[in-house]
$ cat run-v3.cif   # mmCIF, C-alpha atoms
data_run
#
loop_
_atom_site.label_atom_id
_atom_site.label_comp_id
_atom_site.auth_asym_id
_atom_site.auth_seq_id
_atom_site.Cartn_x
_atom_site.Cartn_y
_atom_site.Cartn_z
CA MET I 570 105.15 90.03 106.73
CA GLN I 571 101.47 90.43 107.51
CA ALA I 572 101.64 86.90 108.91
CA GLY I 573 104.43 87.91 111.28
CA LYS I 574 107.34 86.61 109.21
CA HIS I 575 110.59 88.27 108.25
CA VAL I 576 111.11 88.06 104.49
CA TYR I 577 114.11 87.47 102.24
CA SER I 578 113.16 87.57 98.56
CA ALA I 579 114.76 87.27 95.17
CA VAL I 580 114.91 90.23 92.80
CA PRO I 581 113.16 92.37 91.82
CA ALA I 582 111.27 93.53 94.90
CA GLY I 583 108.53 94.93 92.67
CA ILE I 584 107.80 95.72 89.05
CA THR I 585 105.57 98.77 89.58
CA LEU I 586 106.05 101.88 91.69
CA ASP I 587 102.82 101.04 93.52
CA GLU I 588 104.23 97.63 94.48
CA LEU I 589 107.35 99.25 95.94
CA GLU I 590 105.25 101.78 97.86
CA GLY I 591 103.06 98.97 99.20
CA LEU I 592 106.08 96.93 100.25
CA ILE I 593 107.54 99.82 102.23
CA ALA I 594 104.16 100.52 103.82
CA THR I 595 103.90 96.88 104.90
CA VAL I 596 107.34 96.99 106.51
CA ARG I 597 106.34 100.12 108.42
CA GLU I 598 102.97 98.70 109.48
CA THR I 599 104.14 95.25 110.54
CA GLY I 600 107.59 96.04 111.90
CA GLN I 601 108.90 92.94 110.14
CA LEU I 602 112.25 92.84 108.33
CA TYR I 603 112.51 92.66 104.55
CA MET I 604 115.70 91.99 102.60
CA MET I 605 116.19 91.74 98.84
CA GLY I 606 118.86 89.25 97.77
CA GLU I 607 120.71 91.34 95.20
CA THR I 608 123.78 89.28 94.34
CA SER I 609 125.83 92.07 92.77
CA TYR I 610 126.19 93.77 96.16
CA TYR I 611 128.73 91.09 97.07
CA TYR I 612 130.55 90.72 93.76
CA ALA I 613 134.28 91.14 94.39
CA PRO I 614 134.69 94.20 92.08
CA VAL I 615 131.73 95.90 93.79
CA ILE I 616 133.14 95.20 97.25
CA PHE I 617 136.48 96.66 96.19
CA CYS I 618 134.96 99.76 94.59
CA ARG I 619 132.61 100.33 97.53
CA LYS I 620 135.50 100.25 100.02
CA GLN I 621 137.58 102.59 97.87
CA PHE I 622 134.61 104.91 97.43
CA ARG I 623 133.87 105.03 101.15
CA GLN I 624 137.46 106.06 101.78
CA GLY I 625 137.17 108.89 99.27
CA LEU I 626 139.79 107.38 96.98
CA PHE I 627 137.65 107.85 93.85
CA GLY I 628 137.28 111.55 94.59
CA ARG I 629 134.10 113.14 93.32
CA PHE I 630 131.90 110.68 91.45
CA VAL I 631 131.73 111.40 87.71
CA TYR I 632 130.35 108.42 85.79
CA ALA I 633 129.71 104.69 85.95
CA HIS I 634 128.30 102.07 83.66
CA ALA I 635 127.16 98.53 84.30
CA GLY I 636 125.04 95.97 82.57
CA TYR I 637 123.29 92.67 82.91
CA HIS I 638 123.90 91.03 79.54
CA HIS I 639 122.14 87.67 79.58
CA ASP I 640 121.14 86.27 76.21
CA MET I 641 117.89 84.29 76.19
CA GLU I 642 119.69 81.34 74.64
CA HIS I 643 122.29 81.29 77.43
CA GLY I 644 120.27 79.44 80.03
CA PHE I 645 117.02 81.43 80.16
CA TYR I 646 114.72 79.05 78.28
CA PRO I 647 114.68 76.21 80.86
CA PRO I 648 113.74 78.36 83.89
CA TYR I 649 110.85 79.99 82.03
CA GLN I 650 109.71 76.60 80.77
CA GLY I 651 109.85 75.13 84.26
CA ALA I 652 108.01 78.03 85.84
CA ASN I 653 105.29 78.57 83.25
CA GLY I 654 104.75 75.30 81.40
CA PRO I 655 103.33 75.30 77.87
CA GLU I 656 102.72 79.07 77.96
CA TRP I 657 106.30 79.88 78.92
CA LYS I 658 106.96 82.09 75.88
CA LYS I 659 104.13 84.37 76.94
CA PHE I 660 106.02 85.23 80.14
CA ALA I 661 109.61 85.05 78.89
CA SER I 662 109.17 88.50 77.32
CA PHE I 663 109.65 90.12 80.73
CA PRO I 664 110.74 93.74 80.04
CA PRO I 665 114.50 93.87 80.67
CA MET I 666 114.43 97.12 82.65
CA LEU I 667 111.92 95.69 85.11
CA TYR I 668 114.83 93.49 86.25
CA PRO I 669 117.32 96.31 86.85
CA THR I 670 119.07 95.36 90.06
CA HIS I 671 122.07 93.67 88.40
CA SER I 672 122.90 96.90 86.53
CA VAL I 673 121.37 99.86 88.38
CA GLY I 674 121.88 98.22 91.77
CA LEU I 675 125.47 97.36 90.93
CA ILE I 676 126.30 101.05 90.54
CA LEU I 677 124.25 102.29 93.50
CA GLY I 678 125.66 99.50 95.66
CA ILE I 679 129.01 101.24 95.27
CA THR I 680 128.09 104.91 95.58
CA GLY I 681 125.11 104.74 97.94
CA ALA I 682 123.37 107.42 95.85
CA ARG I 683 120.06 107.15 94.03
CA MET I 684 118.95 107.78 90.47
CA THR I 685 116.92 110.97 89.94
CA ARG I 686 116.18 111.16 86.19
CA VAL I 687 116.33 108.77 83.26
CA SER I 688 116.13 108.58 79.49
CA CYS I 689 115.91 105.06 78.11
CA PHE I 690 115.67 103.43 74.70
CA GLY I 691 114.52 99.92 73.84
CA GLN I 692 115.41 97.71 70.90
CA VAL I 693 112.55 95.82 69.28
CA ASP I 694 113.39 92.14 69.08
CA GLN I 695 113.77 90.30 65.76
CA HIS I 696 114.67 86.78 66.92
CA GLU I 697 112.98 83.85 65.24
CA ASP I 698 111.83 82.29 68.53
CA GLY I 699 109.08 84.94 68.72
CA ILE I 700 109.31 85.38 72.48
CA PHE I 701 109.19 89.17 72.34
CA ASP I 702 106.15 89.30 70.08
CA ARG I 703 103.98 92.11 71.48
CA ASP I 704 100.77 90.22 70.70
CA LEU I 705 102.04 87.09 72.47
CA SER I 706 103.70 88.83 75.40
CA PHE I 707 101.86 88.91 78.73
CA PHE I 708 103.56 92.28 79.24
CA HIS I 709 102.82 93.56 75.71
CA ASN I 710 106.58 93.98 75.43
CA ASP I 711 108.69 93.70 72.29
CA PHE I 712 111.95 95.14 73.70
CA SER I 713 114.64 92.51 74.25
CA ASN I 714 117.35 95.11 74.95
CA GLU I 715 117.08 98.37 76.88
CA THR I 716 119.76 100.94 77.72
CA ALA I 717 119.26 103.85 80.11
CA LEU I 718 121.13 107.07 80.90
CA PHE I 719 120.60 108.33 84.44
CA ARG I 720 121.35 111.42 86.47
CA SER I 721 122.32 110.42 90.01
CA SER I 722 121.72 112.28 93.26
CA ASP I 723 125.46 112.90 93.66
CA ASP I 724 125.36 114.88 90.38
CA GLY I 725 126.93 112.04 88.43
CA MET I 726 125.97 110.29 85.21
CA CYS I 727 125.29 106.57 84.87
CA ARG I 728 124.51 104.16 82.07
CA ALA I 729 122.76 100.86 82.71
CA ASN I 730 122.17 98.11 80.15
CA GLU I 731 119.68 95.26 80.46
CA PHE I 732 120.19 93.09 77.36
CA ARG I 733 118.57 89.74 76.51
CA ARG I 734 119.88 89.42 72.93
CA VAL I 735 123.60 90.01 73.10
CA SER I 736 126.79 88.06 72.50
CA ALA I 737 128.81 88.77 75.64
CA GLU I 738 128.77 90.08 79.20
CA ASP I 739 129.28 93.73 80.10
CA THR I 740 132.00 95.08 82.38
CA LEU I 741 131.79 97.47 85.31
CA ALA I 742 133.45 100.87 85.08
CA VAL I 743 133.46 103.59 87.74
CA HIS I 744 135.10 106.98 87.17
CA GLY I 745 135.90 109.65 89.73
CA THR I 746 138.06 112.75 89.73
CA LEU I 747 140.90 110.98 91.56
CA ALA I 748 140.71 107.40 90.31
CA ALA I 749 138.80 104.95 88.16
CA PHE I 750 138.05 101.25 88.06
CA SER I 751 137.73 99.52 84.69
CA ASN I 752 138.49 96.03 83.33
CA ASN I 753 139.69 94.93 86.79
CA GLU I 754 142.23 97.74 86.90
CA TRP I 755 142.53 100.44 89.57
CA ILE I 756 143.67 103.55 87.70
CA ARG I 757 144.83 106.58 89.65
CA HIS I 758 144.85 110.17 88.49
CA ASP I 759 148.66 110.06 88.15
CA ARG I 760 148.09 107.24 85.61
CA THR I 761 149.54 104.49 87.79
CA ILE I 762 147.64 101.26 87.26
CA THR I 763 147.14 98.30 89.60
CA ASP I 764 145.87 95.06 88.10
CA MET I 765 143.28 93.69 90.52
CA SER I 766 142.50 90.50 88.60
CA GLU I 767 144.00 88.08 91.12
CA GLN I 768 142.36 89.73 94.13
CA LEU I 769 138.95 89.79 92.42
CA ALA I 770 138.91 86.32 90.85
CA CYS I 771 136.66 83.72 92.50
CA ALA I 772 138.04 80.22 92.85
CA PRO I 773 135.49 77.87 91.24
CA GLN I 774 133.98 75.09 93.32
CA THR I 775 133.68 71.44 92.39
CA LYS I 776 130.49 70.90 90.46
CA PRO I 777 127.94 68.32 91.64
CA ALA I 778 127.71 64.86 90.09
CA ASP I 779 124.53 65.81 88.23
CA TRP I 780 126.07 68.97 86.76
CA GLU I 781 125.32 68.08 83.15
CA GLN I 782 121.64 67.61 83.96
CA GLN I 783 121.56 70.86 85.95
CA ARG I 784 123.23 72.65 83.05
CA LYS I 785 120.53 71.42 80.68
CA GLU I 786 117.95 72.82 83.11
CA GLY I 787 119.55 76.26 83.08
CA ALA I 788 122.33 76.06 85.68
CA GLN I 789 125.39 78.19 84.92
CA GLU I 790 129.09 77.96 85.78
CA ASP I 791 128.68 80.96 88.08
CA PHE I 792 126.28 78.97 90.28
CA PHE I 793 129.40 77.23 91.62
CA SER I 794 131.78 80.13 92.12
CA GLY I 795 133.77 80.14 95.29
CA VAL I 796 135.09 83.32 96.88
CA SER I 797 137.88 85.73 96.01
CA PRO I 798 140.65 87.20 98.19
CA MET I 799 138.55 90.40 98.24
CA HIS I 800 135.71 88.71 100.13
CA ASP I 801 135.77 89.03 103.92
CA TYR I 802 135.15 85.31 104.18
CA HIS I 803 136.31 85.05 107.79
CA ARG I 804 133.17 86.93 108.88
CA LEU I 805 131.00 83.94 107.90
CA PRO I 806 130.15 81.07 110.23
CA ARG I 807 132.73 78.30 110.01
CA GLU I 808 129.89 75.91 109.09
CA PHE I 809 129.62 77.71 105.73
CA HIS I 810 133.12 76.69 104.67
CA GLY I 811 132.98 74.30 101.73
CA LEU I 812 129.24 74.65 101.18
CA PRO I 813 127.91 75.59 97.71
CA ASN I 814 128.25 79.24 96.80
CA GLY I 815 127.44 81.14 93.64
CA HIS I 816 126.97 84.34 91.66
CA GLY I 817 130.41 85.77 92.25
CA GLY I 818 130.67 84.43 95.78
CA SER I 819 127.62 86.35 96.95
CA HIS I 820 125.18 83.68 98.14
CA GLN I 821 126.70 82.91 101.51
CA PHE I 822 127.12 86.59 102.37
CA LEU I 823 123.49 87.34 101.53
CA VAL I 824 122.24 84.46 103.68
CA ASP I 825 124.53 85.55 106.52
CA ASP I 826 123.21 89.12 106.26
CA PHE I 827 119.60 88.01 106.51
CA VAL I 828 120.10 85.63 109.42
CA LYS I 829 122.14 88.15 111.40
CA SER I 830 119.58 90.85 110.59
CA CYS I 831 116.85 88.70 112.11
CA VAL I 832 118.90 87.66 115.14
CA GLN I 833 120.13 91.19 115.88
CA GLU I 834 116.78 92.76 114.90
CA LYS I 835 118.52 95.29 112.67
CA LEU I 836 117.89 96.32 109.08
CA SER I 837 120.23 94.78 106.54
CA VAL I 838 121.99 97.05 104.05
CA LEU I 839 119.69 95.54 101.39
CA ASN I 840 116.58 96.60 103.28
CA VAL I 841 113.28 97.59 101.69
CA TRP I 842 114.36 101.20 101.13
CA THR I 843 117.52 100.04 99.33
CA ALA I 844 115.41 97.60 97.33
CA ALA I 845 113.15 100.43 96.16
CA ARG I 846 116.19 102.52 95.29
CA PHE I 847 117.55 99.70 93.13
CA CYS I 848 114.22 98.82 91.43
CA ALA I 849 112.45 102.13 90.84
CA PRO I 850 114.95 103.47 88.27
CA GLY I 851 114.36 100.49 86.00
CA ILE I 852 110.58 100.76 86.27
CA VAL I 853 110.71 104.40 85.19
CA ALA I 854 113.35 103.60 82.55
CA HIS I 855 111.03 101.12 80.86
CA GLU I 856 108.28 103.76 80.80
CA SER I 857 110.77 106.15 79.21
CA ALA I 858 111.60 103.55 76.55
CA LEU I 859 107.89 103.21 75.79
CA ARG I 860 107.90 106.99 75.25
CA ASP I 861 110.90 106.84 72.89
CA GLY I 862 113.44 108.08 75.40
CA GLU I 863 111.47 110.85 77.11
CA THR I 864 113.33 112.03 80.21
CA LEU I 865 111.34 111.15 83.33
CA PRO I 866 111.86 111.73 87.07
CA VAL I 867 112.65 108.75 89.30
CA PRO I 868 110.71 108.96 92.59
CA ASP I 869 112.55 108.99 95.88
CA PHE I 870 111.17 106.39 98.30
CA GLY I 871 113.26 107.81 101.11
CA ASP I 872 115.48 106.24 103.72
CA PRO I 873 114.89 104.04 106.76
CA PRO I 874 113.26 105.79 109.72
CA LYS I 875 115.55 108.10 111.64
CA GLY I 876 117.38 106.20 114.34
CA ALA I 877 116.76 102.77 112.77
CA ALA I 878 119.55 100.30 113.46
CA ILE I 879 121.21 99.24 110.19
CA MET I 880 123.62 96.32 110.10
CA ASP I 881 126.53 97.02 107.74
CA LEU I 882 128.92 94.13 108.24
CA GLU I 883 131.58 95.55 105.91
CA LYS I 884 131.93 98.62 108.12
CA GLU I 885 132.01 96.45 111.22
CA VAL I 886 134.80 94.29 109.78
CA GLY I 887 136.85 97.42 109.07
CA LYS I 888 139.39 95.68 106.90
CA SER I 889 141.69 97.21 104.33
CA PRO I 890 140.25 97.02 100.81
CA TRP I 891 143.38 95.13 99.75
CA ALA I 892 142.94 92.41 102.35
CA GLY I 893 140.95 89.24 101.99
CA HIS I 894 140.61 85.60 102.83
CA THR I 895 142.33 83.11 100.56
CA GLU I 896 140.84 79.77 101.68
#
$ encode --input "run-v3.cif" --output "structure tokens"
Amino acid sequence: MQAGKHVYSAVPAGITLDELEGLIATVRETGQLYMMGETSYYYAPVIFCRKQFRQGLFGRFVYAHAGYHHDMEHGFYPPYQGANGPEWKKFASFPPMLYPTHSVGLILGITGARMTRVSCFGQVDQHEDGIFDRDLSFFHNDFSNETALFRSSDDGMCRANEFRRVSAEDTLAVHGTLAAFSNNEWIRHDRTITDMSEQLACAPQTKPADWEQQRKEGAQEDFFSGVSPMHDYHRLPREFHGLPNGHGGSHQFLVDDFVKSCVQEKLSVLNVWTAARFCAPGIVAHESALRDGETLPVPDFGDPPKGAAIMDLEKEVGKSPWAGHTE
């Protein structure tokens, strides 16, 4: 940004509060655009819940939980080896809650709120690979699993899990006073249930010819997910049709957001202030875990400047939450 470039980065945007503060300051000083590519923002269940929430169909927010459950043995070894060479184990002990956007961001991407307080606990690792050995770890970290309980700014309660030694994935649940979403079911207060599985399922894409080699290098099935009927796929350029997509159908939407943000000179919904809102809770949560669950305040990095143009393509599309593209 200091070199006059707009920036689209992977997650997380920062792993310290000072880094987040510096990133926001740089956006303000340079006037350049920053976007964080948080994939969960365009997961089909999140899109559905966000649209329902914006229409007030959840009622008052009560509670949500989400988690990023990714075992180290399920595709994490190769990327760390490729990035760090012989010393890869030293860096593979990255504290789970410093990578919070797939759990914390998943919830906040629905409600638009922020986390205000947190109490977090960590589980000391016991795996034989020795990755989370405090003496070996670049981060002096021996937690392979961390779970956090948050208070949110809308007076709700949230639980976020970041697990690196666990057998299976977590599921998203969102509870309000009028309705809830859990296990791909939309559950109303009158106890009527709508199974959303078909609308939320992504049609997998054909894998490349070198898939087996990519899999050995850490590629996952989800790298080749298509889109679901819940995705507003018609908003994308026609040239995108048939191109590789991944992580729950999110990749093409994130790229489209960034390009349109640059062309229209508007902030994307995943702008630097949203990025800080998604990352800061995990940073403070890890500090809480180091203090054996002490409740700590999560700083508020604020909102975009008053009057800033923000590009929210979902609002512009204005479609029913039940509609979608089936190509």
$ atom_distance --input "run-v3.cif" --atom1 "atom CA of Asp739 of chain I" --atom2 "atom CA of Gly636 of chain I"
5.4 Å
$ resolve_selection --input "run-v3.cif" --expression "the PyMOL selection byres ((chain I and resi 666-677) around 8)" --output "PyMOL selection string"
chain I and resi 580-581+584+607-610+615+633-637+663-665+678-683+715+727+729-731+846-848+850-852+854-855
$ resolve_selection --input "run-v3.cif" --expression "the PyMOL selection byres ((chain I and resi 824-838) around 10)" --output "PyMOL selection string"
chain I and resi 575-577+601-606+610+678+804-806+809+819-823+839-844+873+877-883
$ resolve_selection --input "run-v3.cif" --expression "the PyMOL selection byres ((chain I and resi 706-714) around 8)" --output "list in words"
Lys658, Lys659, Phe660, Ala661, Ser662, Phe663, Pro664, Pro665, Gly691, Gln692, Val693, Asp694, Ile700, Phe701, Asp702, Arg703, Asp704, Leu705, Glu715, Thr716, Asn730, Glu731, Phe732, Arg733 and Arg734 of chain I
$ atom_distance --input "run-v3.cif" --atom1 "atom CA of Glu767 of chain I" --atom2 "atom CA of Gly811 of chain I"
20.6 Å
$ atom_distance --input "run-v3.cif" --atom1 "atom CA of Gly817 of chain I" --atom2 "atom CA of His643 of chain I"
17.5 Å
$ closest_residue --input "run-v3.cif" --among "I:Gly862, I:Gly818, I:Asp779, I:Ser751" --to "Thr763 of chain I" --atoms "all atoms listed in the file"
I:Ser751
$ closest_residue --input "run-v3.cif" --among "I:Ala594, I:Ala652, I:Val743, I:Val853" --to "Arg619 of chain I" --atoms "all atoms listed in the file"
I:Val743
$ closest_residue --input "run-v3.cif" --among "I:Cys618, I:Gly600, I:Phe719, I:Leu865" --to "Ala742 of chain I" --atoms "only C-alpha atoms"
I:Cys618
$ closest_residue --input "run-v3.cif" --among "I:Gln571, I:Ser721, I:Asn752, I:Thr595" --to "Phe630 of chain I" --atoms "only C-alpha atoms"
I:Ser721
$ axis_aligned_box --input "run-v3.cif" --around "segment 710-714 of chain I" --padding-each-side "4 Å" --output "lines of an AutoDock Vina configuration file"
center_x = 112.0
center_y = 93.8
center_z = 73.9
size_x = 18.8
size_y = 10.6
size_z = 11.1
$ residues_near_point --input "run-v3.cif" --point "(139.3, 111.9, 90.9)" --cutoff "7 Å" --atoms "all atoms listed in the file" --output "list in words"
Phe627, Gly628, Arg629, Gly745, Thr746, Leu747, Ala748 and His758 of chain I
$ residues_around --input "run-v3.cif" --residues "Glu642 of chain I" --least-positions-apart "4" --cutoff "12 Å" --atoms "only C-alpha atoms" --output "list in words"
His638, Tyr646, Pro647, Pro648, Tyr649, Ala661, His696, Glu697, Asp698, Ile700, Arg733, Arg734, Val735, Ser736, Ala737, Lys785 and Gly787 of chain I
$ closest_residue --input "run-v3.cif" --among "I:Ala749, I:Leu741, I:Met726, I:Leu586" --to "Pro614 of chain I" --atoms "all atoms listed in the file"
I:Leu741
$ residues_around --input "run-v3.cif" --residues "Asn814 of chain I" --least-positions-apart "5" --cutoff "6 Å" --atoms "only C-alpha atoms" --output "PyMOL selection string"
chain I and resi 793-795+820
$ closest_residue --input "run-v3.cif" --among "I:Lys884, I:Ala717, I:Phe690, I:Trp780" --to "Arg860 of chain I" --atoms "only C-alpha atoms"
I:Phe690
